[in-house]
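Take a look at the structure set out below.
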Amino acid sequence: MCGIFGIFNIEKAEKYAFFGIYALQHRGQESVGIASSDFEDVKVVRKEGLVLESIKKEELSQISGYCAIAHVRYSTAGDSGGINSQPIIMETPLGKAAVVHNGNLTNYLALREELQAQGIELSYTSDTELFLKLLGRGQFIPEGIEIHPLDREIMPAIFYVISKVKGAYSLLYLFKDRIIALRDPMGFRPLLMGRLKDAILFASESCAFDILQAEIWREIKPGEVLVVDKHGIRSYFPFKSEKKAMCIFELVYFSKPESYIFDNWVYRVRKRMGELLAEEDEIEADLVVPVPDSGLVAAIGYSQKKSIPLELGLIRNHYVGRSFIEPTQELRDIKVLMKLNANRAVLESKRVVVIDDSLVRGTTSKKIVNMLRRAGAKEVHMRIASPPVIGPCYFGIDTPTRDELIANRMSIEDIRRFIGADSLKYLSLEALRATVENPEDFCDACFSNCYPLEVEGSTLRIR
Ligand code: AMP
C-alpha cells in the first residue's frame with residue numbers, strides 16, 4: 001500500500017507536495033519522497049521514515065519547482081528498505097522522468113525476466129521501476145484512439161507500457177514539463193484529481209486536497225490516461241475497462257474516514273458496515289467500545305442502530321512510533337499496550353461489545369479482549385465490521401500469506417476461543433456488499449476468495 005500525490009502549475013510545488021503527502025501518511029510509513037520540476041530539470045529527495053521527521057526544509061528548497069509528485073511507501077512488493085523508496089527517477093528515451101505508484105503488478109516477474117533477457121539492467125527490486133524501463137522500448141496506438149498533436153511523441157510510448165503491465169496501478173509520471181496520471185482498467189486503487197486556482201492536483205484520497213484547501217474535481221477513471229501540461233488537460237482511454245475491481249478494503253480499513261474515494265464518502269460506507277453488523281446481531285450489552293481508530297466509525301453506526309451507548313473503553317496513545325526493542329516474554333503484550341490502554345472508568349462490571357474493522361491474524365483481538373477483562377469488563381463480545389479475511393491480496397494491500405490468515409486455520413468458534421471472547425461475530429459478505437451501490441464493481445477477494453484477475457504463478461478462483 002502506498003499513497004501518491006501530484007501537483008502541476010504552482011510556485012513552490014514541492015511544498016504543496018510535502019503537505020499533500022503528509023495528509024496521506026496513514027497509507028505508508030516506511031519511506032517518503034518528492035520529485036519536482038522547474039520545467040528544466042527533474043529532481044528528487046527520498047528519505048526513510050515519516051514525512052514530518054525525515055524531509056528537511058533545506059532539502060525541499062533544493063528541489064524547488066512548478067510541478068511535483070510525491071509518495072509514501074508501505075511495501076507490498078520488493079524489499080522494504082530505502083533502495084525501493086519512491087519517486088524512482090531515471091533518464092528515459094523520452095527524457096528524464098520520475099514515477100510514483102500505488103498498487104502491485106501481477107506479471108512483474110515475467111516482465112522482469114523478459115527485460116533481463118534483452119540485456120536490460122534493473123536496479124530496483126520493485127515493480128514500479130518497469131514503468132520507466134519500458135518507456136521508449138515500443139510504441140502502441142490502440143485502434144480508434146485519436147492522439148492530440150501535442151502528445152504524438154509521448155502517448156504511443158505510454159500506451160505501450162500499459163499494454164505490457166497487468167495488475168493494480170494508480171500512478172503518476174513527472175516529466176520536466178508535464179504530469180501523466182494513469183489508473184489501471186479495473187481501477188483497483190483510488191486516484192483523484194483536484195483544483196486549486198490554476199493548479200491541478202492528484203491524490204490517492206481527497207483528504208490530501210483538504211489540507212491544501214483545494215477542491216475535489218473528479219476521480220481519474222479506471223483505464224484513464226490523463227496528461228496535464230502548460231497547454232491544458234487531455235484524457236485518453238486506450239484500453240477498455242470492462243470489469244472494475246475497486247478495492248473494498250480501502251473502504252473497510254485503509255483510507256481515512258473523511259476521504260472521498262470510489263464515488264463514496266468512506267465515513268458513510270464504514271458507518272453503514274456498523275449498522276448492518278448491528279442488524280445481524282442479537283446480543284444484549286451495556287456498552288459499545290470501538291477499537292481506535294480503525295473500529296471507530298463502524299462502532300458509531302452499530303451503537304446508533306442498537307441504541308447501546310458508545311464509550312471510549314479503549315484509549316489510544318498517539319505517540320507510538322515503531323518499536324525496535326523486542327519485548328521479553330513477560331512483556332509480550334507491550335506492543336499493543338503501547339498503543340492502546342483500557343479505560344477502567346467505563347468498563348468495570350459492564351457487558352461490552354467491542355468493534356474492530358477487521359480481524360486478520362487475530363493477535364490484536366486476543367490482546368484487546370484480555371486488556372478489557374483486566375480492566376473489569378464482565379462480558380466481552382467481539383464484533384468485526386467485515387467478513388473473515390481468507391484471501392491474500394495481490395493488488396496492493398499487505399496481507400499475510402494464506403496460512404497466516406487465522407480464518408483459514410480455524411472455525412469461528414475456535415477463533416472465539418483463541419481470542420478469549422464471550423462471543424464473536426463478523427459482518428456477512430452479503431451485508432458488506434450491500435454497503436456500496438455497485439458491489440459488482442468492487443474486488444472483495446480478501447473476503448470471498450474470488451479474484452478478479454489471474455495472478456502469475458497462482459491458481460486462483462477467478463470471478
Ligand atoms: P490482527 O488480527 O492481529 O492481524 O490485526 C488486525 C488489525 O490490524 C485490524 O484491526 C486492522 O485495524 C489492522 N489491519 C488490517 N489489515 C491491515 C494491514 N494490511 N496492514 C496493517 N494493519 C492492518
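Just remember, in the C-alpha cells the first chain shown is A, the second B, etc., residues are 1-based per chain, and ligands are 1-based in the order shown.
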
**Message:** For the helix (DSSP H, G or I) assignment from backbone DSSP, which residues of stretch 3-101 of chain A qualify? Please present them as a VMD selection string.
**Reply:** chain A and resid 13 to 22 25 to 27 51 to 54 57 to 61 82 to 84

Can you tell me which residues surround A:Leu52 at a distance of at most 10 Å, considering only C-alpha atoms, apart from same-chain residues fewer than 6 positions away, and format the answer as a compact mmCIF listing (two decimals) with N, CA and C atoms, in the first residue's frame?
```txt
# COMPACT_ATOMS: atom_id res chain seq x y z
N PHE A 18 4.73 18.35 -0.20
CA PHE A 18 5.10 17.95 1.16
C PHE A 18 3.84 17.83 2.04
N PHE A 19 3.00 18.87 2.01
CA PHE A 19 1.79 18.82 2.85
C PHE A 19 0.76 17.82 2.32
N ILE A 21 1.36 15.02 0.76
CA ILE A 21 1.75 13.64 1.06
C ILE A 21 1.71 13.40 2.57
N TYR A 22 1.89 14.47 3.34
CA TYR A 22 1.75 14.34 4.80
C TYR A 22 0.33 13.89 5.15
N GLN A 25 -0.10 10.16 5.06
CA GLN A 25 0.88 9.39 5.84
C GLN A 25 0.35 8.03 6.29
N VAL A 32 9.42 8.17 2.36
CA VAL A 32 8.71 9.26 1.71
C VAL A 32 9.64 9.87 0.67
```

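For the pair atom CA of A:Phe395 and atom CA of A:Asn104, the interatomic distance is 5.0 Å.
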
**Prompt:** Can you tell me which residues sit at most 8 Å away from ligand 1, counting only C-alpha atoms and all ligand atoms, written as a ChimeraX atom specification?
**Reply:** /A:253-254,291,293-295,356-366,397-400,405-406

**Asked** Could you name the residues that touch A:Phe447 at 9 Å or less, counting only C-alpha atoms, but leaving out those on the same chain fewer than 5 positions away, as a PyMOL selection string?
**Response** chain A and resi 386-391+429

Residues from the last selection, all heavy atoms, saved as a compact mmCIF listing (two decimals), in the first residue's frame:
```
# COMPACT_ATOMS: atom_id res chain seq x y z
N SER A 386 -16.35 -6.48 9.14
CA SER A 386 -16.12 -7.02 7.79
C SER A 386 -16.08 -8.55 7.95
O SER A 386 -15.95 -9.05 9.06
CB SER A 386 -14.79 -6.49 7.23
OG SER A 386 -13.71 -6.91 8.03
N PRO A 387 -16.18 -9.28 6.85
CA PRO A 387 -16.17 -10.76 6.95
C PRO A 387 -14.77 -11.30 7.27
O PRO A 387 -13.79 -10.56 7.22
CB PRO A 387 -16.62 -11.20 5.55
CG PRO A 387 -17.22 -9.99 4.91
CD PRO A 387 -16.51 -8.82 5.49
N PRO A 388 -14.67 -12.60 7.59
CA PRO A 388 -13.35 -13.19 7.84
C PRO A 388 -12.41 -13.00 6.64
O PRO A 388 -12.83 -13.18 5.50
CB PRO A 388 -13.67 -14.68 8.03
CG PRO A 388 -15.10 -14.72 8.45
CD PRO A 388 -15.77 -13.58 7.78
N VAL A 389 -11.17 -12.61 6.91
CA VAL A 389 -10.19 -12.43 5.82
C VAL A 389 -9.65 -13.82 5.47
O VAL A 389 -9.03 -14.49 6.30
CB VAL A 389 -9.04 -11.49 6.26
CG1 VAL A 389 -8.00 -11.39 5.16
CG2 VAL A 389 -9.58 -10.12 6.60
N ILE A 390 -9.89 -14.26 4.23
CA ILE A 390 -9.48 -15.61 3.84
C ILE A 390 -8.56 -15.62 2.61
O ILE A 390 -7.94 -16.64 2.32
CB ILE A 390 -10.71 -16.53 3.57
CG1 ILE A 390 -11.68 -15.85 2.60
CG2 ILE A 390 -11.40 -16.90 4.88
CD1 ILE A 390 -12.84 -16.74 2.18
N GLY A 391 -8.48 -14.49 1.91
CA GLY A 391 -7.66 -14.48 0.69
C GLY A 391 -6.56 -13.43 0.78
O GLY A 391 -6.83 -12.29 1.13
N LEU A 429 -20.72 -11.38 4.21
CA LEU A 429 -20.26 -10.90 2.90
C LEU A 429 -21.39 -10.16 2.17
O LEU A 429 -21.16 -9.13 1.53
CB LEU A 429 -19.75 -12.09 2.07
CG LEU A 429 -19.05 -11.79 0.76
CD1 LEU A 429 -17.86 -10.86 0.95
CD2 LEU A 429 -18.58 -13.09 0.11
```

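With only C-alpha atoms taken into account, the protein and nucleic acid residues at most 9 Å from A:Lys378 (excluding it and anything under 6 positions from it in its own chain) are Leu347, Glu348, Ser349, Lys350, Arg351, Val352 and Leu372 of chain A.
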
**DSSP strand (DSSP E) residues within stretch 281-342 of chain A, as a PyMOL selection string** = chain A and resi 287-290+314-316+340-342

**Asked** How many Å separate atom CA of A:Lys47 from atom CA of A:Asn84?
**Response** 10.7 Å

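One distance worth recording is that between atom CA of A:Phe209 and atom CA of A:Ile261, which is 12.2 Å.
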
**Message:** Excluding stretch 454-463 of chain A and its own-chain neighbours fewer than 5 positions away, which residues fall within 10 Å of it when counting only C-alpha atoms? Please give them as a VMD selection string.
**Reply:** chain A and resid 105 to 110 166 to 167 391 394 to 395 443 445 448 to 449

Could the residues of stretch 47-137 of chain A that have an atom at most 12 Å from stretch 205-208 of chain A be listed as CSV, each with its closest atom pair and the distance in Å to one decimal, counting only C-alpha atoms and ordered by chain and ascending residue number?
```
residue,atom,partner,partner_atom,distance
A:Ala70,CA,A:Ala208,CA,11.4
A:His71,CA,A:Ala208,CA,12.0
A:Asn102,CA,A:Glu205,CA,11.7
```

For those residues, write C-alpha atoms to a file as an mmCIF file, in the first residue's frame.
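Dumped to out.cif:
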```
data_model
loop_
_atom_site.group_PDB
_atom_site.id
_atom_site.type_symbol
_atom_site.label_atom_id
_atom_site.label_comp_id
_atom_site.auth_asym_id
_atom_site.auth_seq_id
_atom_site.Cartn_x
_atom_site.Cartn_y
_atom_site.Cartn_z
ATOM 1 C CA ALA A 70 5.225 12.553 -4.005
ATOM 2 C CA HIS A 71 4.932 9.139 -2.414
ATOM 3 C CA ASN A 102 0.264 2.709 -5.668
#
```

**Prompt:** Excluding same-chain residues fewer than 3 positions from A:Ile69, what lies within 10 Å of it counting only C-alpha atoms, as number ranges by chain?
**Reply:** A: 4-8, 13-14, 16-18, 20-21, 33-37, 44, 86-87, 98-100, 172-174, 179, 201-203
